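Colleague: Following this line is data.cif, made up of mmCIF, C-alpha atoms and all ligand atoms:
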data_structure
loop_
_atom_site.group_PDB
_atom_site.id
_atom_site.type_symbol
_atom_site.label_atom_id
_atom_site.label_comp_id
_atom_site.auth_asym_id
_atom_site.auth_seq_id
_atom_site.Cartn_x
_atom_site.Cartn_y
_atom_site.Cartn_z
ATOM 1 C CA SER A 1 2.457 23.204 1.857
ATOM 2 C CA SER A 2 5.836 21.730 1.003
ATOM 3 C CA VAL A 3 5.584 18.827 3.437
ATOM 4 C CA ARG A 4 3.067 16.286 2.191
ATOM 5 C CA GLY A 5 2.806 12.660 3.092
ATOM 6 C CA GLU A 6 4.748 12.646 6.356
ATOM 7 C CA VAL A 7 3.523 9.798 8.570
ATOM 8 C CA VAL A 8 4.553 9.376 12.208
ATOM 9 C CA PHE A 9 3.590 6.480 14.485
ATOM 10 C CA SER A 10 4.329 7.191 18.166
ATOM 11 C CA ASP A 11 4.176 4.297 20.614
ATOM 12 C CA VAL A 12 1.160 2.728 18.902
ATOM 13 C CA TYR A 13 -0.580 -0.321 20.371
ATOM 14 C CA PHE A 14 -3.501 -2.268 18.965
ATOM 15 C CA SER A 15 -5.507 -5.337 19.989
ATOM 16 C CA TYR A 16 -8.211 -7.172 18.090
ATOM 17 C CA GLU A 17 -11.281 -7.962 20.124
ATOM 18 C CA GLU A 18 -13.073 -11.282 20.123
ATOM 19 C CA ASN A 19 -16.581 -11.293 21.607
ATOM 20 C CA GLY A 20 -15.758 -8.050 23.363
ATOM 21 C CA ASN A 21 -12.535 -9.457 24.826
ATOM 22 C CA GLU A 22 -9.153 -8.226 23.781
ATOM 23 C CA VAL A 23 -7.013 -11.089 22.567
ATOM 24 C CA GLY A 24 -3.625 -9.655 23.537
ATOM 25 C CA ASP A 25 -1.632 -6.999 21.735
ATOM 26 C CA THR A 26 -1.442 -7.515 17.986
ATOM 27 C CA LEU A 27 0.796 -4.458 17.676
ATOM 28 C CA GLU A 28 2.956 -3.114 20.483
ATOM 29 C CA GLU A 29 5.132 -0.035 20.859
ATOM 30 C CA ILE A 30 5.212 0.857 17.170
ATOM 31 C CA SER A 31 7.192 4.055 16.520
ATOM 32 C CA PHE A 32 8.602 5.224 13.211
ATOM 33 C CA THR A 33 8.677 8.212 10.867
ATOM 34 C CA ALA A 34 8.022 8.090 7.151
ATOM 35 C CA ASN A 35 9.314 11.275 5.540
ATOM 36 C CA PRO A 36 7.444 12.741 2.569
ATOM 37 C CA GLY A 37 8.184 10.806 -0.613
ATOM 38 C CA GLU A 38 9.950 7.919 1.091
ATOM 39 C CA THR A 39 9.337 4.276 0.280
ATOM 40 C CA ILE A 40 8.781 2.226 3.414
ATOM 41 C CA ALA A 41 8.917 -1.561 3.104
ATOM 42 C CA LEU A 42 7.054 -3.647 5.684
ATOM 43 C CA VAL A 43 8.555 -7.084 6.125
ATOM 44 C CA GLY A 44 8.080 -9.901 8.576
ATOM 45 C CA PRO A 45 6.592 -13.370 8.953
ATOM 46 C CA THR A 46 2.919 -14.131 8.391
ATOM 47 C CA GLY A 47 0.798 -12.835 11.266
ATOM 48 C CA ALA A 48 3.448 -10.262 12.284
ATOM 49 C CA GLY A 49 0.979 -7.365 11.929
ATOM 50 C CA LYS A 50 1.850 -5.773 8.565
ATOM 51 C CA THR A 51 -1.718 -5.540 7.285
ATOM 52 C CA THR A 52 -2.991 -4.404 10.679
ATOM 53 C CA LEU A 53 -0.470 -1.547 10.766
ATOM 54 C CA ILE A 54 -1.713 -0.321 7.382
ATOM 55 C CA GLN A 55 -5.317 -0.558 8.534
ATOM 56 C CA LEU A 56 -4.528 1.713 11.470
ATOM 57 C CA LEU A 57 -3.102 4.281 9.065
ATOM 58 C CA SER A 58 -6.403 4.497 7.160
ATOM 59 C CA ARG A 59 -8.435 4.477 10.425
ATOM 60 C CA PHE A 60 -10.044 1.170 9.531
ATOM 61 C CA TYR A 61 -9.122 0.361 13.143
ATOM 62 C CA GLU A 62 -8.138 2.741 15.957
ATOM 63 C CA PRO A 63 -5.044 2.232 18.123
ATOM 64 C CA SER A 64 -5.686 1.335 21.761
ATOM 65 C CA ARG A 65 -2.727 3.555 22.703
ATOM 66 C CA GLY A 66 -0.367 5.994 21.032
ATOM 67 C CA THR A 67 -0.803 8.442 18.166
ATOM 68 C CA ILE A 68 -0.528 8.468 14.413
ATOM 69 C CA THR A 69 -0.027 11.771 12.597
ATOM 70 C CA VAL A 70 -0.176 12.613 8.909
ATOM 71 C CA ASP A 71 1.533 15.884 8.007
ATOM 72 C CA GLY A 72 1.592 16.808 11.659
ATOM 73 C CA ARG A 73 -2.102 16.209 12.335
ATOM 74 C CA ASP A 74 -3.374 13.507 14.646
ATOM 75 C CA ILE A 75 -5.430 11.328 12.312
ATOM 76 C CA ARG A 76 -8.198 11.081 14.921
ATOM 77 C CA THR A 77 -8.924 14.718 14.099
ATOM 78 C CA ILE A 78 -9.193 14.040 10.353
ATOM 79 C CA ARG A 79 -12.458 12.753 8.938
ATOM 80 C CA ARG A 80 -12.127 9.232 7.574
ATOM 81 C CA ASP A 81 -13.198 10.133 4.035
ATOM 82 C CA SER A 82 -10.852 13.100 3.991
ATOM 83 C CA LEU A 83 -7.978 10.974 5.313
ATOM 84 C CA ARG A 84 -8.625 8.239 2.776
ATOM 85 C CA SER A 85 -8.777 10.722 -0.080
ATOM 86 C CA GLN A 86 -5.081 11.419 0.658
ATOM 87 C CA MET A 87 -4.318 7.723 0.190
ATOM 88 C CA ALA A 88 -4.521 5.164 -2.573
ATOM 89 C CA PHE A 89 -4.421 1.423 -2.113
ATOM 90 C CA VAL A 90 -3.060 -1.078 -4.600
ATOM 91 C CA LEU A 91 -3.842 -4.401 -2.988
ATOM 92 C CA GLN A 92 -3.407 -8.024 -4.017
ATOM 93 C CA GLU A 93 -7.141 -8.393 -4.362
ATOM 94 C CA SER A 94 -7.768 -5.067 -5.989
ATOM 95 C CA PHE A 95 -11.277 -3.813 -5.539
ATOM 96 C CA LEU A 96 -13.106 -3.805 -8.852
ATOM 97 C CA PHE A 97 -16.844 -3.397 -9.200
ATOM 98 C CA GLN A 98 -19.373 -4.369 -11.822
ATOM 99 C CA GLY A 99 -19.099 -1.629 -14.407
ATOM 100 C CA THR A 100 -16.977 -0.456 -17.296
ATOM 101 C CA ILE A 101 -13.213 -0.367 -17.180
ATOM 102 C CA ARG A 102 -13.474 3.396 -17.576
ATOM 103 C CA ASP A 103 -15.648 3.741 -14.463
ATOM 104 C CA ASN A 104 -13.439 1.361 -12.516
ATOM 105 C CA ILE A 105 -10.433 3.599 -13.177
ATOM 106 C CA ARG A 106 -12.467 6.765 -12.647
ATOM 107 C CA PHE A 107 -13.295 5.555 -9.140
ATOM 108 C CA GLY A 108 -9.910 7.073 -8.217
ATOM 109 C CA ARG A 109 -11.324 10.538 -8.917
ATOM 110 C CA LEU A 110 -14.978 10.685 -9.812
ATOM 111 C CA ASP A 111 -14.839 14.015 -11.666
ATOM 112 C CA ALA A 112 -12.065 12.891 -14.028
ATOM 113 C CA THR A 113 -12.712 13.309 -17.754
ATOM 114 C CA ASP A 114 -12.398 10.434 -20.238
ATOM 115 C CA ALA A 115 -9.128 11.976 -21.428
ATOM 116 C CA GLU A 116 -7.764 12.003 -17.868
ATOM 117 C CA VAL A 117 -8.821 8.380 -17.369
ATOM 118 C CA GLU A 118 -6.944 7.371 -20.533
ATOM 119 C CA GLU A 119 -3.897 9.426 -19.573
ATOM 120 C CA ALA A 120 -3.728 7.634 -16.211
ATOM 121 C CA ALA A 121 -4.161 4.268 -17.956
ATOM 122 C CA LYS A 122 -1.273 5.107 -20.298
ATOM 123 C CA LEU A 123 1.005 6.057 -17.401
ATOM 124 C CA ALA A 124 0.030 2.812 -15.657
ATOM 125 C CA ASN A 125 0.832 0.748 -18.766
ATOM 126 C CA ALA A 126 -2.788 -0.414 -18.818
ATOM 127 C CA HIS A 127 -3.898 1.381 -22.000
ATOM 128 C CA SER A 128 -2.518 -1.158 -24.465
ATOM 129 C CA PHE A 129 -4.311 -4.173 -22.983
ATOM 130 C CA ILE A 130 -7.536 -2.188 -22.586
ATOM 131 C CA VAL A 131 -7.741 -1.083 -26.206
ATOM 132 C CA ARG A 132 -6.940 -4.606 -27.415
ATOM 133 C CA MET A 133 -10.036 -5.986 -25.679
ATOM 134 C CA PRO A 134 -13.445 -5.981 -27.329
ATOM 135 C CA GLY A 135 -15.270 -2.937 -25.977
ATOM 136 C CA GLY A 136 -12.045 -1.281 -24.834
ATOM 137 C CA TYR A 137 -12.687 1.256 -22.077
ATOM 138 C CA ASP A 138 -16.421 0.453 -22.286
ATOM 139 C CA LYS A 139 -15.940 -3.243 -21.598
ATOM 140 C CA VAL A 140 -18.071 -4.186 -18.606
ATOM 141 C CA LEU A 141 -16.294 -6.112 -15.873
ATOM 142 C CA GLY A 142 -18.050 -8.595 -13.605
ATOM 143 C CA ALA A 143 -18.408 -7.873 -9.910
ATOM 144 C CA ASP A 144 -15.237 -9.844 -9.203
ATOM 145 C CA GLY A 145 -13.426 -8.129 -12.037
ATOM 146 C CA GLY A 146 -14.211 -11.202 -14.120
ATOM 147 C CA GLY A 147 -12.841 -11.309 -17.650
ATOM 148 C CA ILE A 148 -9.353 -9.982 -16.952
ATOM 149 C CA SER A 149 -6.247 -11.507 -15.426
ATOM 150 C CA GLN A 150 -4.791 -10.777 -12.019
ATOM 151 C CA GLY A 151 -1.926 -8.832 -13.553
ATOM 152 C CA GLN A 152 -4.369 -6.735 -15.568
ATOM 153 C CA ARG A 153 -6.339 -6.027 -12.397
ATOM 154 C CA GLN A 154 -3.208 -4.647 -10.837
ATOM 155 C CA LEU A 155 -2.603 -2.424 -13.846
ATOM 156 C CA LEU A 156 -6.135 -1.051 -13.447
ATOM 157 C CA ALA A 157 -5.561 -0.501 -9.738
ATOM 158 C CA ILE A 158 -2.372 1.426 -10.584
ATOM 159 C CA ALA A 159 -4.240 3.537 -13.163
ATOM 160 C CA ARG A 160 -6.917 4.289 -10.578
ATOM 161 C CA ALA A 161 -4.281 5.302 -8.024
ATOM 162 C CA ILE A 162 -2.453 7.544 -10.527
ATOM 163 C CA LEU A 163 -5.746 9.288 -11.237
ATOM 164 C CA ALA A 164 -6.408 9.738 -7.514
ATOM 165 C CA ASP A 165 -3.026 11.483 -7.127
ATOM 166 C CA PRO A 166 -2.661 10.734 -3.385
ATOM 167 C CA SER A 167 0.189 11.852 -1.132
ATOM 168 C CA ILE A 168 0.275 8.410 0.491
ATOM 169 C CA LEU A 169 0.297 5.104 -1.280
ATOM 170 C CA VAL A 170 -0.234 1.648 0.171
ATOM 171 C CA LEU A 171 0.855 -1.306 -1.868
ATOM 172 C CA ASP A 172 0.492 -4.975 -1.066
ATOM 173 C CA GLU A 173 2.793 -6.769 -3.469
ATOM 174 C CA ALA A 174 1.442 -9.802 -5.254
ATOM 175 C CA THR A 175 2.798 -13.128 -4.143
ATOM 176 C CA SER A 176 1.211 -15.121 -6.949
ATOM 177 C CA SER A 177 2.996 -15.470 -10.216
ATOM 178 C CA ILE A 178 2.250 -12.940 -12.921
ATOM 179 C CA ASP A 179 3.711 -13.363 -16.394
ATOM 180 C CA THR A 180 7.026 -11.614 -16.985
ATOM 181 C CA VAL A 181 5.763 -9.110 -19.547
ATOM 182 C CA THR A 182 2.877 -7.977 -17.316
ATOM 183 C CA GLU A 183 5.193 -7.933 -14.318
ATOM 184 C CA ILE A 184 7.538 -5.515 -16.077
ATOM 185 C CA LYS A 185 4.578 -3.305 -16.981
ATOM 186 C CA ILE A 186 3.393 -3.341 -13.373
ATOM 187 C CA GLN A 187 6.844 -2.400 -12.085
ATOM 188 C CA GLU A 188 7.093 0.485 -14.551
ATOM 189 C CA GLY A 189 3.624 1.730 -13.660
ATOM 190 C CA LEU A 190 4.413 1.500 -9.974
ATOM 191 C CA GLN A 191 7.650 3.410 -10.388
ATOM 192 C CA TRP A 192 5.732 6.254 -11.946
ATOM 193 C CA LEU A 193 3.031 6.076 -9.289
ATOM 194 C CA MET A 194 5.407 5.975 -6.313
ATOM 195 C CA GLN A 195 7.480 8.954 -7.435
ATOM 196 C CA GLY A 196 7.032 11.845 -5.028
ATOM 197 C CA ARG A 197 4.603 9.992 -2.765
ATOM 198 C CA THR A 198 5.106 8.351 0.580
ATOM 199 C CA SER A 199 4.698 4.677 -0.183
ATOM 200 C CA PHE A 200 4.118 1.814 2.219
ATOM 201 C CA VAL A 201 4.834 -1.479 0.567
ATOM 202 C CA ILE A 202 4.011 -4.835 2.119
ATOM 203 C CA ALA A 203 6.967 -6.246 0.311
ATOM 204 C CA HIS A 204 7.575 -9.746 -0.932
ATOM 205 C CA ARG A 205 10.142 -8.993 -3.607
ATOM 206 C CA LEU A 206 13.753 -8.659 -2.651
ATOM 207 C CA ASN A 207 14.273 -5.852 -5.155
ATOM 208 C CA THR A 208 11.565 -3.677 -3.623
ATOM 209 C CA ILE A 209 12.942 -4.247 -0.162
ATOM 210 C CA ARG A 210 16.518 -3.449 -1.137
ATOM 211 C CA GLN A 211 15.493 -0.206 -2.809
ATOM 212 C CA ALA A 212 13.290 1.034 0.042
ATOM 213 C CA ASP A 213 14.410 4.124 1.960
ATOM 214 C CA LYS A 214 13.415 2.396 5.174
ATOM 215 C CA ILE A 215 12.574 -1.185 6.032
ATOM 216 C CA LEU A 216 10.290 -1.846 9.001
ATOM 217 C CA VAL A 217 10.867 -5.362 10.308
ATOM 218 C CA LEU A 218 7.859 -6.675 12.236
ATOM 219 C CA LYS A 219 7.828 -9.795 14.338
ATOM 220 C CA GLU A 220 4.950 -10.878 16.576
ATOM 221 C CA GLY A 221 3.500 -7.380 16.596
ATOM 222 C CA ARG A 222 6.716 -5.594 17.441
ATOM 223 C CA LEU A 223 8.891 -3.391 15.287
ATOM 224 C CA ILE A 224 12.117 -5.164 16.046
ATOM 225 C CA GLU A 225 14.380 -3.450 13.502
ATOM 226 C CA GLN A 226 14.215 -0.478 11.143
ATOM 227 C CA GLY A 227 16.673 0.977 8.682
ATOM 228 C CA SER A 228 17.938 0.681 5.135
ATOM 229 C CA HIS A 229 18.880 -2.674 3.646
ATOM 230 C CA GLU A 230 22.593 -2.020 4.216
ATOM 231 C CA GLU A 231 22.067 -0.793 7.773
ATOM 232 C CA LEU A 232 19.987 -3.813 8.687
ATOM 233 C CA LEU A 233 22.427 -6.263 7.153
ATOM 234 C CA ARG A 234 25.255 -4.702 9.178
ATOM 235 C CA ARG A 235 23.289 -5.343 12.386
ATOM 236 C CA HIS A 236 23.368 -9.101 11.821
ATOM 237 C CA GLY A 237 19.935 -9.349 13.453
ATOM 238 C CA PHE A 238 16.570 -10.740 12.416
ATOM 239 C CA TYR A 239 16.562 -9.047 9.006
ATOM 240 C CA HIS A 240 19.984 -10.456 8.303
ATOM 241 C CA SER A 241 18.733 -13.956 9.101
ATOM 242 C CA LEU A 242 15.610 -13.429 6.945
ATOM 243 C CA TYR A 243 17.728 -12.219 4.071
ATOM 244 C CA HIS A 244 20.186 -15.040 4.257
ATOM 245 C CA GLY A 245 17.323 -17.506 4.764
HETATM 246 N N1 LIG B 1 -5.701 -10.976 13.525
HETATM 247 C C1 LIG B 1 -6.865 -11.071 14.275
HETATM 248 N N2 LIG B 1 -8.046 -10.647 13.696
HETATM 249 C C2 LIG B 1 -8.084 -10.133 12.439
HETATM 250 C C3 LIG B 1 -6.888 -10.040 11.690
HETATM 251 C C4 LIG B 1 -5.701 -10.468 12.267
HETATM 252 O O1 LIG B 1 -6.859 -11.509 15.403
HETATM 253 O O2 LIG B 1 -9.169 -9.765 11.975
HETATM 254 C C5 LIG B 1 -4.410 -11.404 14.116
HETATM 255 C C6 LIG B 1 -3.720 -12.486 13.340
HETATM 256 C C7 LIG B 1 -2.270 -12.211 13.571
HETATM 257 C C8 LIG B 1 -2.212 -10.721 13.855
HETATM 258 O O3 LIG B 1 -3.536 -10.300 14.120
HETATM 259 O O4 LIG B 1 -1.834 -12.882 14.720
HETATM 260 C C9 LIG B 1 -1.607 -9.893 12.757
HETATM 261 O O5 LIG B 1 -2.313 -10.129 11.556
HETATM 262 P P1 LIG B 1 -1.967 -9.366 10.203
HETATM 263 O O6 LIG B 1 -2.993 -9.736 9.206
HETATM 264 O O7 LIG B 1 -1.776 -7.923 10.481
HETATM 265 O O8 LIG B 1 -0.545 -10.031 9.837
HETATM 266 P P2 LIG B 1 0.335 -9.878 8.501
HETATM 267 O O9 LIG B 1 1.717 -9.512 8.940
HETATM 268 O O10 LIG B 1 -0.331 -8.974 7.539
HETATM 269 O O11 LIG B 1 0.372 -11.385 7.954
HETATM 270 P P3 LIG B 1 0.416 -11.914 6.411
HETATM 271 O O12 LIG B 1 1.850 -11.831 5.980
HETATM 272 O O13 LIG B 1 -0.011 -13.337 6.527
HETATM 273 O O14 LIG B 1 -0.517 -11.090 5.584
HETATM 274 MG MG MG B 2 -1.129 -9.232 5.593
#
Rewrite the coordinates I just gave you, this time as structure tokens.
Modeller:
Amino acid sequence: SSVRGEVVFSDVYFSYEENGNEVGDTLEEISFTANPGETIALVGPTGAGKTTLIQLLSRFYEPSRGTITVDGRDIRTIRRDSLRSQMAFVLQESFLFQGTIRDNIRFGRLDATDAEVEEAAKLANAHSFIVRMPGGYDKVLGADGGGISQGQRQLLAIARAILADPSILVLDEATSSIDTVTEIKIQEGLQWLMQGRTSFVIAHRLNTIRQADKILVLKEGRLIEQGSHEELLRRHGFYHSLYHG
């Protein structure tokens, strides 16, 4: 169909449980629409609920109230593996396993050919560092992705996501410093990856936030403001005070 990657949260609540007891609402009254292809930036102080919101989207946790739909379907009616195959995650601690670089990228789509793996790596700007390493695509990584830098891990995660070709992308921007050259490569790879997909970005960089179609401002589990950068600045609210520090 023409509409792919629409995400709607309607009055969503969530509480973590501790020893069977709910510890108060972690997320309350969350409602927003992400239109297909839009970039949605999640911003807010530590503990505001950004990661939790993303985990609800992938059904890692279930809301205690409210509904989440993807392309018009309540996600409770979609099998978890099927739901997750529509999504790719590029996280700060990207998940690499003990195995070759080729297989780590191929994890995005297990039936991909070697040529498709390399094509995805080229689009992600990962190819050049891979072929410069001894072993190249056959280099075996340690369980923790040992032997490559954090920036290179992100490039591999981007290659994997490009190969997976999801309609929804979740990105947790790195906070730690990555060298400028690698950073530029990551940004280029991400631009390619995010094109035409609905992207949720837990955003730390001002540039990402400013360019987002919609910014969701979370504070203490509530969505207190949403809109574009310009709209939010005009409101002179919480986002405005965050932005002007
Ligand atoms: N919380 C729990 N149990 C968990 C995870 C989080 O009780 O397993 C609480 C901590 C916090 C709230 O939920 O008060 C929201 O946490 P989340 O990790 O979603 O916050 P964040 O916005 O992602 O914070 P950060 O910017 O530090 O990643
Ligand atoms: Mg978080």
Colleague: Expanded to explicit residues, what is the PyMOL selection byres (((not hetatm)) within 8 of (chain B and resi 2)) for this file, as a ChimeraX atom specification?
Modeller: /A:46-47,49-52,202
Colleague: Could the residues of region 102-171 of chain A that have an atom at most 6 Å from region 71-92 of chain A be listed as a tab-separated table, each with its closest atom pair and the distance in Å to one decimal, counting all atoms listed in the file and ordered by chain and ascending residue number?
Modeller:
residue	atom	partner	partner_atom	distance
A:Ala157	CA	A:Val90	CA	5.7
A:Ala161	CA	A:Ala88	CA	5.5
A:Pro166	CA	A:Gln86	CA	4.8
A:Ser167	CA	A:Gln86	CA	5.6
A:Ile168	CA	A:Met87	CA	4.7
A:Leu169	CA	A:Ala88	CA	5.0
A:Val170	CA	A:Phe89	CA	4.8
A:Leu171	CA	A:Val90	CA	4.8
Colleague: Counting only C-alpha atoms and all ligand atoms, which protein, DNA or RNA residues come within 10 Å of ligand LIG 1 (chain B), given as a tab-separated table (two decimals) with C-alpha atoms, in the coordinates of the input?
Modeller:
chain	number	residue	atom	x	y	z
A	14	PHE	CA	-3.50	-2.27	18.96
A	15	SER	CA	-5.51	-5.34	19.99
A	16	TYR	CA	-8.21	-7.17	18.09
A	17	GLU	CA	-11.28	-7.96	20.12
A	18	GLU	CA	-13.07	-11.28	20.12
A	22	GLU	CA	-9.15	-8.23	23.78
A	23	VAL	CA	-7.01	-11.09	22.57
A	24	GLY	CA	-3.62	-9.65	23.54
A	25	ASP	CA	-1.63	-7.00	21.74
A	26	THR	CA	-1.44	-7.52	17.99
A	27	LEU	CA	0.80	-4.46	17.68
A	42	LEU	CA	7.05	-3.65	5.68
A	43	VAL	CA	8.56	-7.08	6.12
A	44	GLY	CA	8.08	-9.90	8.58
A	45	PRO	CA	6.59	-13.37	8.95
A	46	THR	CA	2.92	-14.13	8.39
A	47	GLY	CA	0.80	-12.84	11.27
A	48	ALA	CA	3.45	-10.26	12.28
A	49	GLY	CA	0.98	-7.36	11.93
A	50	LYS	CA	1.85	-5.77	8.56
A	51	THR	CA	-1.72	-5.54	7.28
A	52	THR	CA	-2.99	-4.40	10.68
A	53	LEU	CA	-0.47	-1.55	10.77
A	54	ILE	CA	-1.71	-0.32	7.38
A	55	GLN	CA	-5.32	-0.56	8.53
A	172	ASP	CA	0.49	-4.97	-1.07
A	202	ILE	CA	4.01	-4.84	2.12
A	203	ALA	CA	6.97	-6.25	0.31
A	204	HIS	CA	7.58	-9.75	-0.93
A	218	LEU	CA	7.86	-6.68	12.24
A	219	LYS	CA	7.83	-9.80	14.34
A	220	GLU	CA	4.95	-10.88	16.58
A	221	GLY	CA	3.50	-7.38	16.60
Colleague: Hey, which of A:Arg160, A:Gln154, A:Pro63, A:Gly147 ends up closest to Arg102 (chain A)? Count all atoms listed in the file.
Modeller: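 Closest to Arg102 (chain A) of all the choices is A:Arg160.
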Colleague: Which residues are close to region 116-123 of chain A, i.e. within 12 Å by all atoms listed in the file, leaving aside same-chain residues fewer than 4 positions away? Reply as number ranges by chain.
Modeller: A: 101-112, 127-131, 136-138, 152-165, 185-194
Colleague: For the atom pair CA of Tyr239 (chain A) and CA of Thr67 (chain A), what is the interatomic distance in Å to one decimal place?
Modeller: 26.3 Å
Colleague: Which of these, A:Glu6, A:Ser241, A:Arg222, A:Leu96, has the shortest distance to Ile40 (chain A) once you count all atoms listed in the file?
Modeller: A:Glu6
Colleague: If the PyMOL selection byres (((chain A and resi 212) around 8) and not hetatm) is run on the structure shown, which residues does it catch, given as number ranges by chain?
Modeller: A: 38-41, 208-211, 213-215, 228-229
Colleague: I'd like the interatomic distance between CA of Thr100 (chain A) and CA of Ser149 (chain A), to a tenth of an Å.
Modeller: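 Interatomic distance, CA of Thr100 (chain A) to CA of Ser149 (chain A): 15.5 Å.
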Colleague: Let me have the centre and edge lengths of the axis-aligned box enclosing all listed atoms of region 35-38 of chain A with 5 Å padding on every side, in Å to one decimal, as JSON.
Modeller:
{"center_x": 8.7, "center_y": 10.3, "center_z": 2.5, "size_x": 12.5, "size_y": 14.8, "size_z": 16.2}
Colleague: How would region 204-224 of chain A look with N, CA and C atoms restored, written as a PDB file, keeping the file's coordinate frame?
Modeller:
ATOM      1  N   HIS A 204       7.191  -8.347  -0.797  1.00  0.00           N
ATOM      2  CA  HIS A 204       7.575  -9.746  -0.932  1.00  0.00           C
ATOM      3  C   HIS A 204       8.782  -9.908  -1.853  1.00  0.00           C
ATOM      4  N   ARG A 205       9.026  -8.889  -2.665  1.00  0.00           N
ATOM      5  CA  ARG A 205      10.142  -8.993  -3.607  1.00  0.00           C
ATOM      6  C   ARG A 205      11.397  -8.381  -3.013  1.00  0.00           C
ATOM      7  N   LEU A 206      12.472  -9.103  -3.180  1.00  0.00           N
ATOM      8  CA  LEU A 206      13.753  -8.659  -2.651  1.00  0.00           C
ATOM      9  C   LEU A 206      14.166  -7.304  -3.223  1.00  0.00           C
ATOM     10  N   ASN A 207      13.886  -7.103  -4.506  1.00  0.00           N
ATOM     11  CA  ASN A 207      14.273  -5.852  -5.155  1.00  0.00           C
ATOM     12  C   ASN A 207      13.601  -4.642  -4.520  1.00  0.00           C
ATOM     13  N   THR A 208      12.297  -4.773  -4.253  1.00  0.00           N
ATOM     14  CA  THR A 208      11.565  -3.677  -3.623  1.00  0.00           C
ATOM     15  C   THR A 208      12.162  -3.365  -2.261  1.00  0.00           C
ATOM     16  N   ILE A 209      12.445  -4.423  -1.527  1.00  0.00           N
ATOM     17  CA  ILE A 209      12.942  -4.247  -0.162  1.00  0.00           C
ATOM     18  C   ILE A 209      14.307  -3.559  -0.184  1.00  0.00           C
ATOM     19  N   ARG A 210      15.158  -4.022  -1.066  1.00  0.00           N
ATOM     20  CA  ARG A 210      16.518  -3.449  -1.137  1.00  0.00           C
ATOM     21  C   ARG A 210      16.495  -1.983  -1.510  1.00  0.00           C
ATOM     22  N   GLN A 211      15.521  -1.588  -2.328  1.00  0.00           N
ATOM     23  CA  GLN A 211      15.493  -0.206  -2.809  1.00  0.00           C
ATOM     24  C   GLN A 211      14.734   0.739  -1.883  1.00  0.00           C
ATOM     25  N   ALA A 212      14.077   0.190  -0.857  1.00  0.00           N
ATOM     26  CA  ALA A 212      13.290   1.034   0.042  1.00  0.00           C
ATOM     27  C   ALA A 212      14.192   2.000   0.815  1.00  0.00           C
ATOM     28  N   ASP A 213      13.658   3.184   1.129  1.00  0.00           N
ATOM     29  CA  ASP A 213      14.410   4.124   1.960  1.00  0.00           C
ATOM     30  C   ASP A 213      14.513   3.592   3.380  1.00  0.00           C
ATOM     31  N   LYS A 214      13.446   2.920   3.813  1.00  0.00           N
ATOM     32  CA  LYS A 214      13.415   2.396   5.174  1.00  0.00           C
ATOM     33  C   LYS A 214      12.676   1.078   5.170  1.00  0.00           C
ATOM     34  N   ILE A 215      13.228   0.111   5.888  1.00  0.00           N
ATOM     35  CA  ILE A 215      12.574  -1.185   6.032  1.00  0.00           C
ATOM     36  C   ILE A 215      12.108  -1.295   7.474  1.00  0.00           C
ATOM     37  N   LEU A 216      10.821  -1.599   7.661  1.00  0.00           N
ATOM     38  CA  LEU A 216      10.290  -1.846   9.001  1.00  0.00           C
ATOM     39  C   LEU A 216      10.168  -3.355   9.155  1.00  0.00           C
ATOM     40  N   VAL A 217      10.893  -3.913  10.106  1.00  0.00           N
ATOM     41  CA  VAL A 217      10.867  -5.362  10.308  1.00  0.00           C
ATOM     42  C   VAL A 217       9.957  -5.674  11.487  1.00  0.00           C
ATOM     43  N   LEU A 218       8.827  -6.333  11.200  1.00  0.00           N
ATOM     44  CA  LEU A 218       7.859  -6.675  12.236  1.00  0.00           C
ATOM     45  C   LEU A 218       7.991  -8.141  12.588  1.00  0.00           C
ATOM     46  N   LYS A 219       7.848  -8.414  13.875  1.00  0.00           N
ATOM     47  CA  LYS A 219       7.828  -9.795  14.338  1.00  0.00           C
ATOM     48  C   LYS A 219       6.915  -9.862  15.552  1.00  0.00           C
ATOM     49  N   GLU A 220       5.904 -10.706  15.476  1.00  0.00           N
ATOM     50  CA  GLU A 220       4.950 -10.878  16.576  1.00  0.00           C
ATOM     51  C   GLU A 220       4.454  -9.545  17.129  1.00  0.00           C
ATOM     52  N   GLY A 221       4.120  -8.640  16.185  1.00  0.00           N
ATOM     53  CA  GLY A 221       3.500  -7.380  16.596  1.00  0.00           C
ATOM     54  C   GLY A 221       4.454  -6.304  17.058  1.00  0.00           C
ATOM     55  N   ARG A 222       5.737  -6.596  17.030  1.00  0.00           N
ATOM     56  CA  ARG A 222       6.716  -5.594  17.441  1.00  0.00           C
ATOM     57  C   ARG A 222       7.597  -5.193  16.271  1.00  0.00           C
ATOM     58  N   LEU A 223       7.977  -3.905  16.301  1.00  0.00           N
ATOM     59  CA  LEU A 223       8.891  -3.391  15.287  1.00  0.00           C
ATOM     60  C   LEU A 223      10.294  -3.649  15.811  1.00  0.00           C
ATOM     61  N   ILE A 224      10.864  -4.771  15.391  1.00  0.00           N
ATOM     62  CA  ILE A 224      12.117  -5.164  16.046  1.00  0.00           C
ATOM     63  C   ILE A 224      13.349  -4.523  15.412  1.00  0.00           C
TER      64      ILE A 224
END
